[in-house]
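Encoded as structure tokens, the structure appears first; notes follow it.
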Amino acid sequence: MTVAPESPAITPPSLLATLPGHWYTAPGVFRREQEHLFEAMWFCAVRGADLDRPGAFRTVRVGRESVLITRNRRGEARAFLNVCRHRGARLCTEESGTVRRSLQCPYHAWTYDLDGRLTAAPNLSKMPDVDRVERGLIPVRLREWLGYVWVCLAEEPPSFEETVIGAVAERLGDTDSVERYGVAGLALGRRISYDVEANWKLIVENFMECYHCATIHPELTEVLPEFADGLAAQYFVGHGAEFAEEAQGFTVDGSEGFDRFAGIADEQDRRYYAITVRPQVFLNLVPDHVIMHRMFPLAPDRTLVECDWLYAPEVVASDRDLSKSVELFHRVNTQDFDACERTQPAMDSRAYRDGGVLVPSEHHIGAFHRWVTDHVPTPEAEECP
């Protein structure tokens with residue numbers, strides 16, 4: 001006999017309702033998120049230094065599209081839909097690589113220069129009426145900031161200054177605070193990719209709160225003791241969590257890190273700042289390195305997270321041991337993603353049909369939920385079990 005779930009009780013003021021479970025599992029919801037969030041907003045795609053020469057390219061999944069990002073002969077970043085204009089074949093099938101002067105479709109050899117213009121094709125000279133610019137690759141809007149290439153598939157992109165730079169300024173109180181870290185000039189010390197079997201929103205929610213920190217992050221709370229009290233630093237504008245008195249650096253054992261960045265202010269020293277840039281970026285600032293997470297949602301229950309550890313170029317060039325600083329946040333990532341993967345199966349449970357609750361230290365996550373529902377339309381009588 002199937003027992004019907006009890007009617008949800010009235011939520012007391014201390015608790016706020018979360019999104020219902022189907023928002024984390026339903027293919028239709030995920031499809032609309034791809035369309036109205038990842039394909040409509042600025043998406044942090046690649047690190048600029050990964051495109052280290054003309055012809056270097058990377059292909060990136062943005063919503064439902066494959067986007068090809070490269071540098072032209074002048075060294076300028078360019079982005080295109082990764083689709084040949086002839087019969088729709090995938091132009092570049094590899095995740096990354098380098099071409100000499102052009103991009104050639106492996107199907108019928110239609111060839112494009114690094115600015116996307118059609119330059120050659122079998123028998124093209126016999127078709128003088130073909131406009132080589134009009135039949136070129138479909139361009140994608142692009143900006144470079146903090147050393148990363150951001151793209152937007154929308155025909156009329158939202159303001160980059162308001163939605164991306166503005167998100168960082170809103171968290172820190174101004175834009176000067178992040179510029180002092182000189183992120184664009186840092187060097188990649190380590191990159192780790194995590195294939196997380198969880199919905200992207202669970203990962204965002206986890207990053208935004210520290211109610212769980214005392215439970216699953218022993219190493220982090222040793223370095224940042226205020227996190228043991230469940231306080232979320234992102235909730236307070238301009239606030240950075242202070243290092244423990246005995247911690248010499250932001251490392252897995254609290255040992256000494258590296259020289260602090262020359263540009264940061266004294267009040268930023270020995271502090272950790274976490275910033276969420278919706279829909280898919282986490283920026284973590286400490287005095288001697290920066291950690292950048294980029295999420296690539298692949299399915300309702302699968303998200304690829306690419307995490308970069310960035311240091312002063314001279315630190316990376318000197319071959320100094322980065323392991324203790326990398327290990328701290330690698331453990332945090334693993335602990336967080338394990339928690340998200342433990343949560344994902346319950347999103348399909350009748351126990352979570354109406355969602356869960358947020359305690360007061362998590363109430364700011366409600367603003368993220370409202371942002372999602374404001375941007376993602378919900379057709380009536382769809383998705384709910």
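Chain labels A, B, ... are given in the sequence in which chains occur in the structure tokens; within each chain residues are numbered consecutively from 1, and ligands are likewise numbered from 1 in the order shown.
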
Could you give me the residues within segment 158-336 of chain A that DSSP places in strand (DSSP E), as a PyMOL selection string? chain A and resi 187-196+241-242+271-277+281-286+289-299+302-311

Could those residues be written to a file, using N, CA and C atoms, as a short mmCIF file (atom, residue, chain, number, x, y, z; two decimals), in the first residue's frame?
```
data_model
loop_
_atom_site.label_atom_id
_atom_site.label_comp_id
_atom_site.auth_asym_id
_atom_site.auth_seq_id
_atom_site.Cartn_x
_atom_site.Cartn_y
_atom_site.Cartn_z
N ALA A 187 49.58 33.45 -12.96
CA ALA A 187 49.91 32.26 -13.74
C ALA A 187 49.19 31.05 -13.17
N LEU A 188 48.86 30.12 -14.05
CA LEU A 188 48.18 28.90 -13.63
C LEU A 188 49.17 27.96 -12.95
N GLY A 189 48.90 27.67 -11.67
CA GLY A 189 49.75 26.75 -10.96
C GLY A 189 49.24 25.32 -10.98
N ARG A 190 47.90 25.18 -10.97
CA ARG A 190 47.30 23.85 -10.97
C ARG A 190 45.87 23.96 -11.48
N ARG A 191 45.44 22.96 -12.21
CA ARG A 191 44.03 22.87 -12.65
C ARG A 191 43.54 21.45 -12.36
N ILE A 192 42.38 21.37 -11.73
CA ILE A 192 41.75 20.07 -11.46
C ILE A 192 40.31 20.14 -11.96
N SER A 193 39.90 19.12 -12.70
CA SER A 193 38.52 19.02 -13.17
C SER A 193 37.78 17.97 -12.34
N TYR A 194 36.57 18.31 -11.95
CA TYR A 194 35.74 17.44 -11.13
C TYR A 194 34.45 17.13 -11.89
N ASP A 195 34.15 15.86 -12.09
CA ASP A 195 32.91 15.44 -12.73
C ASP A 195 31.94 15.11 -11.62
N VAL A 196 31.02 16.03 -11.35
CA VAL A 196 30.15 15.93 -10.17
C VAL A 196 28.77 15.42 -10.58
N ALA A 241 36.60 36.43 5.59
CA ALA A 241 36.84 35.64 6.79
C ALA A 241 38.31 35.73 7.19
N GLU A 242 38.57 36.01 8.45
CA GLU A 242 39.93 36.21 8.93
C GLU A 242 40.62 34.89 9.22
N ARG A 271 42.96 37.39 4.89
CA ARG A 271 41.50 37.26 4.76
C ARG A 271 41.16 36.46 3.51
N TYR A 272 40.03 35.77 3.60
CA TYR A 272 39.50 34.98 2.49
C TYR A 272 38.17 35.57 2.05
N TYR A 273 38.06 35.84 0.75
CA TYR A 273 36.82 36.37 0.18
C TYR A 273 36.28 35.37 -0.84
N ALA A 274 34.99 35.06 -0.72
CA ALA A 274 34.33 34.16 -1.67
C ALA A 274 33.24 34.94 -2.39
N ILE A 275 33.19 34.77 -3.72
CA ILE A 275 32.25 35.53 -4.54
C ILE A 275 31.57 34.58 -5.52
N THR A 276 30.25 34.66 -5.62
CA THR A 276 29.50 33.91 -6.62
C THR A 276 29.12 34.85 -7.75
N VAL A 277 29.51 34.51 -8.97
CA VAL A 277 29.11 35.27 -10.15
C VAL A 277 28.17 34.37 -10.94
N VAL A 281 30.21 30.81 -11.89
CA VAL A 281 31.58 31.10 -11.48
C VAL A 281 31.65 31.32 -9.98
N PHE A 282 32.70 30.74 -9.36
CA PHE A 282 33.05 31.03 -7.98
C PHE A 282 34.46 31.62 -7.98
N LEU A 283 34.63 32.75 -7.34
CA LEU A 283 35.93 33.40 -7.26
C LEU A 283 36.35 33.44 -5.79
N ASN A 284 37.55 32.92 -5.50
CA ASN A 284 38.07 32.84 -4.14
C ASN A 284 39.38 33.61 -4.08
N LEU A 285 39.45 34.59 -3.17
CA LEU A 285 40.61 35.46 -3.07
C LEU A 285 41.29 35.30 -1.72
N VAL A 286 42.58 35.00 -1.74
CA VAL A 286 43.41 35.02 -0.53
C VAL A 286 44.67 35.81 -0.87
N HIS A 289 47.21 33.80 -3.44
CA HIS A 289 46.74 33.09 -4.64
C HIS A 289 45.24 33.29 -4.80
N VAL A 290 44.76 32.93 -5.98
CA VAL A 290 43.35 33.06 -6.32
C VAL A 290 42.88 31.72 -6.85
N ILE A 291 41.67 31.33 -6.46
CA ILE A 291 41.09 30.07 -6.91
C ILE A 291 39.82 30.39 -7.68
N MET A 292 39.74 29.90 -8.90
CA MET A 292 38.62 30.20 -9.79
C MET A 292 37.93 28.90 -10.19
N HIS A 293 36.62 28.80 -9.86
CA HIS A 293 35.82 27.67 -10.28
C HIS A 293 34.93 28.09 -11.45
N ARG A 294 34.88 27.24 -12.48
CA ARG A 294 33.92 27.42 -13.57
C ARG A 294 33.10 26.15 -13.69
N MET A 295 31.77 26.30 -13.64
CA MET A 295 30.89 25.15 -13.77
C MET A 295 30.39 25.03 -15.21
N PHE A 296 30.31 23.77 -15.67
CA PHE A 296 29.76 23.48 -16.99
C PHE A 296 28.64 22.45 -16.79
N PRO A 297 27.39 22.92 -16.63
CA PRO A 297 26.28 21.98 -16.42
C PRO A 297 26.05 21.13 -17.67
N LEU A 298 26.08 19.81 -17.52
CA LEU A 298 25.97 18.89 -18.64
C LEU A 298 24.63 18.17 -18.69
N ALA A 299 23.98 18.01 -17.56
CA ALA A 299 22.70 17.29 -17.46
C ALA A 299 22.06 17.70 -16.14
N ARG A 302 24.39 16.19 -13.58
CA ARG A 302 25.83 16.09 -13.84
C ARG A 302 26.39 17.47 -14.18
N THR A 303 27.47 17.83 -13.50
CA THR A 303 28.12 19.13 -13.69
C THR A 303 29.62 18.95 -13.69
N LEU A 304 30.27 19.45 -14.72
CA LEU A 304 31.73 19.47 -14.74
C LEU A 304 32.20 20.78 -14.11
N VAL A 305 33.11 20.68 -13.15
CA VAL A 305 33.66 21.87 -12.50
C VAL A 305 35.15 21.91 -12.78
N GLU A 306 35.61 23.00 -13.38
CA GLU A 306 37.04 23.17 -13.65
C GLU A 306 37.56 24.22 -12.68
N CYS A 307 38.56 23.84 -11.90
CA CYS A 307 39.07 24.70 -10.83
C CYS A 307 40.52 25.04 -11.10
N ASP A 308 40.83 26.35 -11.12
CA ASP A 308 42.18 26.84 -11.37
C ASP A 308 42.76 27.46 -10.10
N TRP A 309 44.00 27.12 -9.79
CA TRP A 309 44.76 27.77 -8.73
C TRP A 309 45.76 28.71 -9.40
N LEU A 310 45.69 29.99 -9.09
CA LEU A 310 46.49 31.01 -9.77
C LEU A 310 47.44 31.69 -8.78
N TYR A 311 48.70 31.86 -9.22
CA TYR A 311 49.74 32.42 -8.36
C TYR A 311 50.50 33.50 -9.13
#
```

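The space between atom CA of Arg101 of chain A and atom CA of Arg143 of chain A spans 22.9 Å.
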
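One distance worth recording is that between atom CA of Val359 of chain A and atom CA of Thr343 of chain A, which is 17.0 Å.
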
Select, from A:Val67, A:Ala339, A:Val60, A:Ala351, the residue with the minimum atom-to-atom distance to Phe207 of chain A, counting only C-alpha atoms. A:Ala339

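Remark: for Leu202 of chain A, the closest of the candidate residues A:Pro345, A:Gly173, A:Pro122, A:Pro157 is A:Pro345 (distances computed over only C-alpha atoms).
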
For Trp42 of chain A, list every protein, DNA or RNA residue within 10 Å, evaluated using only C-alpha atoms, and leave out those in the same chain fewer than 4 positions away; present the list as JSON, numbers by chain. {"A": [37, 38, 62, 141, 142, 143, 149, 150, 151, 152, 153, 154, 157, 158, 159, 160, 163, 164, 277, 278, 279, 280]}

Env of Phe329 of chain A: 9 Å cut, atoms = only C-alpha atoms, seq-sep filter 4 positions within chain, self excluded. Answer as a PDB file with N, CA and C atoms, in the first residue's frame.
```
ATOM      1  N   LEU A 220      39.432  23.454   6.587  1.00  0.00           N
ATOM      2  CA  LEU A 220      39.079  24.843   6.292  1.00  0.00           C
ATOM      3  C   LEU A 220      38.767  25.611   7.565  1.00  0.00           C
ATOM      4  N   THR A 251      46.794  27.290   3.755  1.00  0.00           N
ATOM      5  CA  THR A 251      47.326  25.991   3.364  1.00  0.00           C
ATOM      6  C   THR A 251      46.634  24.896   4.160  1.00  0.00           C
ATOM      7  N   VAL A 252      46.799  23.645   3.743  1.00  0.00           N
ATOM      8  CA  VAL A 252      46.075  22.546   4.352  1.00  0.00           C
ATOM      9  C   VAL A 252      46.453  22.335   5.808  1.00  0.00           C
ATOM     10  N   ILE A 291      41.668  31.332  -6.457  1.00  0.00           N
ATOM     11  CA  ILE A 291      41.087  30.066  -6.910  1.00  0.00           C
ATOM     12  C   ILE A 291      39.816  30.393  -7.684  1.00  0.00           C
ATOM     13  N   SER A 325      48.944  24.561  -0.572  1.00  0.00           N
ATOM     14  CA  SER A 325      47.868  25.514  -0.842  1.00  0.00           C
ATOM     15  C   SER A 325      46.824  24.890  -1.767  1.00  0.00           C
ATOM     16  N   ASN A 333      36.814  21.142  -2.072  1.00  0.00           N
ATOM     17  CA  ASN A 333      36.034  20.775  -3.251  1.00  0.00           C
ATOM     18  C   ASN A 333      35.504  19.348  -3.144  1.00  0.00           C
ATOM     19  N   THR A 334      36.371  18.413  -2.805  1.00  0.00           N
ATOM     20  CA  THR A 334      35.970  17.013  -2.725  1.00  0.00           C
ATOM     21  C   THR A 334      34.894  16.816  -1.666  1.00  0.00           C
TER      22      THR A 334
END
```

Just want the 12 Å neighbourhood of Glu170 of chain A, counted on only C-alpha atoms, with same-chain residues fewer than 2 positions away dropped. Output as a PyMOL selection string. chain A and resi 161-168+172-178+234-239+275-277

Written file, previous selection with N, CA, C and O atoms, as a compact mmCIF listing (two decimals), in the first residue's frame:
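again_10.txt written:
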```
# COMPACT_ATOMS: atom_id res chain seq x y z
N GLU A 161 29.09 44.86 -17.47
CA GLU A 161 29.46 45.67 -16.30
C GLU A 161 28.48 45.46 -15.15
O GLU A 161 28.88 45.43 -13.98
N GLU A 162 27.20 45.31 -15.48
CA GLU A 162 26.20 45.16 -14.42
C GLU A 162 26.12 43.74 -13.89
O GLU A 162 26.00 43.52 -12.68
N THR A 163 26.17 42.74 -14.78
CA THR A 163 25.90 41.37 -14.35
C THR A 163 27.14 40.60 -13.91
O THR A 163 27.03 39.68 -13.09
N VAL A 164 28.30 40.95 -14.42
CA VAL A 164 29.53 40.23 -14.05
C VAL A 164 30.38 41.09 -13.12
O VAL A 164 30.56 40.77 -11.94
N ILE A 165 30.89 42.21 -13.64
CA ILE A 165 31.70 43.08 -12.79
C ILE A 165 30.86 43.58 -11.61
O ILE A 165 31.35 43.66 -10.48
N GLY A 166 29.59 43.85 -11.88
CA GLY A 166 28.70 44.32 -10.82
C GLY A 166 28.49 43.31 -9.71
O GLY A 166 28.35 43.68 -8.55
N ALA A 167 28.47 42.01 -10.05
CA ALA A 167 28.32 40.98 -9.03
C ALA A 167 29.51 40.97 -8.09
O ALA A 167 29.36 40.79 -6.87
N VAL A 168 30.71 41.15 -8.64
CA VAL A 168 31.91 41.19 -7.80
C VAL A 168 31.92 42.46 -6.94
O VAL A 168 32.22 42.42 -5.74
N LEU A 172 32.09 42.71 -2.82
CA LEU A 172 33.26 43.31 -2.17
C LEU A 172 33.03 44.76 -1.76
O LEU A 172 33.80 45.31 -0.98
N GLY A 173 32.00 45.38 -2.31
CA GLY A 173 31.73 46.78 -2.01
C GLY A 173 32.23 47.74 -3.06
O GLY A 173 31.81 48.89 -3.12
N ASP A 174 33.16 47.28 -3.94
CA ASP A 174 33.68 48.10 -5.03
C ASP A 174 34.44 47.19 -5.98
O ASP A 174 34.68 46.01 -5.68
N THR A 175 34.84 47.72 -7.13
CA THR A 175 35.62 46.92 -8.09
C THR A 175 37.11 47.02 -7.82
O THR A 175 37.87 46.13 -8.22
N ASP A 176 37.55 48.08 -7.14
CA ASP A 176 38.97 48.22 -6.87
C ASP A 176 39.50 47.05 -6.05
O ASP A 176 40.65 46.62 -6.21
N SER A 177 38.67 46.51 -5.17
CA SER A 177 39.12 45.46 -4.27
C SER A 177 39.59 44.23 -5.02
O SER A 177 40.57 43.59 -4.65
N VAL A 178 38.89 43.85 -6.11
CA VAL A 178 39.32 42.68 -6.86
C VAL A 178 40.48 43.02 -7.80
O VAL A 178 41.37 42.19 -8.02
N GLN A 234 29.86 35.38 2.39
CA GLN A 234 29.27 36.03 1.21
C GLN A 234 28.04 36.86 1.58
O GLN A 234 27.60 37.70 0.81
N TYR A 235 27.48 36.59 2.75
CA TYR A 235 26.27 37.31 3.16
C TYR A 235 26.59 38.75 3.54
O TYR A 235 25.71 39.61 3.50
N PHE A 236 27.84 39.03 3.90
CA PHE A 236 28.21 40.34 4.40
C PHE A 236 29.05 41.08 3.35
O PHE A 236 30.14 40.63 3.00
N VAL A 237 28.55 42.20 2.87
CA VAL A 237 29.25 42.96 1.84
C VAL A 237 30.60 43.43 2.36
O VAL A 237 30.71 44.01 3.44
N GLY A 238 31.64 43.13 1.57
CA GLY A 238 32.97 43.59 1.91
C GLY A 238 33.69 42.79 2.97
O GLY A 238 34.86 43.06 3.27
N HIS A 239 33.03 41.79 3.54
CA HIS A 239 33.66 41.03 4.63
C HIS A 239 34.45 39.85 4.10
O HIS A 239 33.97 39.10 3.24
N ILE A 275 33.19 34.77 -3.72
CA ILE A 275 32.25 35.53 -4.54
C ILE A 275 31.57 34.58 -5.52
O ILE A 275 32.24 33.78 -6.19
N THR A 276 30.25 34.66 -5.62
CA THR A 276 29.50 33.91 -6.62
C THR A 276 29.12 34.85 -7.75
O THR A 276 28.49 35.89 -7.51
N VAL A 277 29.51 34.51 -8.97
CA VAL A 277 29.11 35.27 -10.15
C VAL A 277 28.17 34.37 -10.94
O VAL A 277 28.59 33.40 -11.58
```

Can you list, as number ranges by chain, every protein, DNA or RNA residue that comes within 9 Å of Ser102 of chain A when you count only C-alpha atoms, leaving out same-chain residues fewer than 6 positions away? A: 55, 111-114, 116, 119

Requested write-out: N, CA and C atoms of the selected residues, as a CSV table (one decimal), in the first residue's frame:
```csv
chain,number,residue,atom,x,y,z
A,55,GLY,N,45.8,30.8,-33.5
A,55,GLY,CA,45.5,29.5,-33.9
A,55,GLY,C,45.2,28.5,-32.8
A,111,THR,N,36.7,25.8,-45.3
A,111,THR,CA,37.8,26.3,-44.6
A,111,THR,C,37.6,27.8,-44.2
A,112,TYR,N,37.9,28.1,-43.0
A,112,TYR,CA,37.6,29.4,-42.5
A,112,TYR,C,38.9,30.0,-41.9
A,113,ASP,N,39.1,31.3,-42.0
A,113,ASP,CA,40.2,31.9,-41.3
A,113,ASP,C,39.9,32.2,-39.9
A,114,LEU,N,40.9,32.7,-39.1
A,114,LEU,CA,40.7,32.8,-37.7
A,114,LEU,C,39.8,33.9,-37.2
A,116,GLY,N,36.8,33.8,-38.8
A,116,GLY,CA,35.5,33.2,-39.1
A,116,GLY,C,35.1,33.3,-40.6
A,119,THR,N,37.1,31.0,-46.4
A,119,THR,CA,38.2,31.3,-47.4
A,119,THR,C,38.4,30.3,-48.5
```

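Nearest to Met347 of chain A of all the residues A:Ala169, A:Ala198, A:Met208, A:Ala56 is A:Ala198, counting only C-alpha atoms.
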
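Counting from atom CA of Leu124 of chain A, the distance to atom CA of Gly97 of chain A is 26.9 Å.
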
For Gly185 of chain A, list every protein, DNA or RNA residue within 10 Å, evaluated using only C-alpha atoms, and leave out those in the same chain fewer than 6 positions away; present the list as a PDB file with N, CA and C atoms, in the first residue's frame.
```pdb
ATOM      1  N   ALA A  49      45.054  32.647 -21.061  1.00  0.00           N
ATOM      2  CA  ALA A  49      46.401  32.123 -21.274  1.00  0.00           C
ATOM      3  C   ALA A  49      46.389  30.736 -21.890  1.00  0.00           C
ATOM      4  N   LEU A 146      39.601  39.538 -15.914  1.00  0.00           N
ATOM      5  CA  LEU A 146      40.283  38.728 -14.892  1.00  0.00           C
ATOM      6  C   LEU A 146      41.110  37.607 -15.524  1.00  0.00           C
ATOM      7  N   GLY A 147      41.534  37.823 -16.765  1.00  0.00           N
ATOM      8  CA  GLY A 147      42.346  36.817 -17.428  1.00  0.00           C
ATOM      9  C   GLY A 147      41.551  35.681 -18.037  1.00  0.00           C
ATOM     10  N   LEU A 310      45.694  29.991  -9.092  1.00  0.00           N
ATOM     11  CA  LEU A 310      46.488  31.011  -9.771  1.00  0.00           C
ATOM     12  C   LEU A 310      47.444  31.686  -8.785  1.00  0.00           C
ATOM     13  N   TYR A 311      48.697  31.864  -9.222  1.00  0.00           N
ATOM     14  CA  TYR A 311      49.737  32.422  -8.362  1.00  0.00           C
ATOM     15  C   TYR A 311      50.502  33.503  -9.127  1.00  0.00           C
ATOM     16  N   ALA A 312      51.313  34.238  -8.389  1.00  0.00           N
ATOM     17  CA  ALA A 312      52.216  35.190  -9.042  1.00  0.00           C
ATOM     18  C   ALA A 312      53.107  34.428 -10.022  1.00  0.00           C
ATOM     19  N   PRO A 313      53.361  34.978 -11.203  1.00  0.00           N
ATOM     20  CA  PRO A 313      54.158  34.260 -12.208  1.00  0.00           C
ATOM     21  C   PRO A 313      55.503  33.783 -11.688  1.00  0.00           C
TER      22      PRO A 313
END
```

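Among A:Leu91, A:Ile365, A:Leu186, A:Val99, the residue with the shortest atom-to-atom distance to Arg71 of chain A, counting only C-alpha atoms, is A:Val99.
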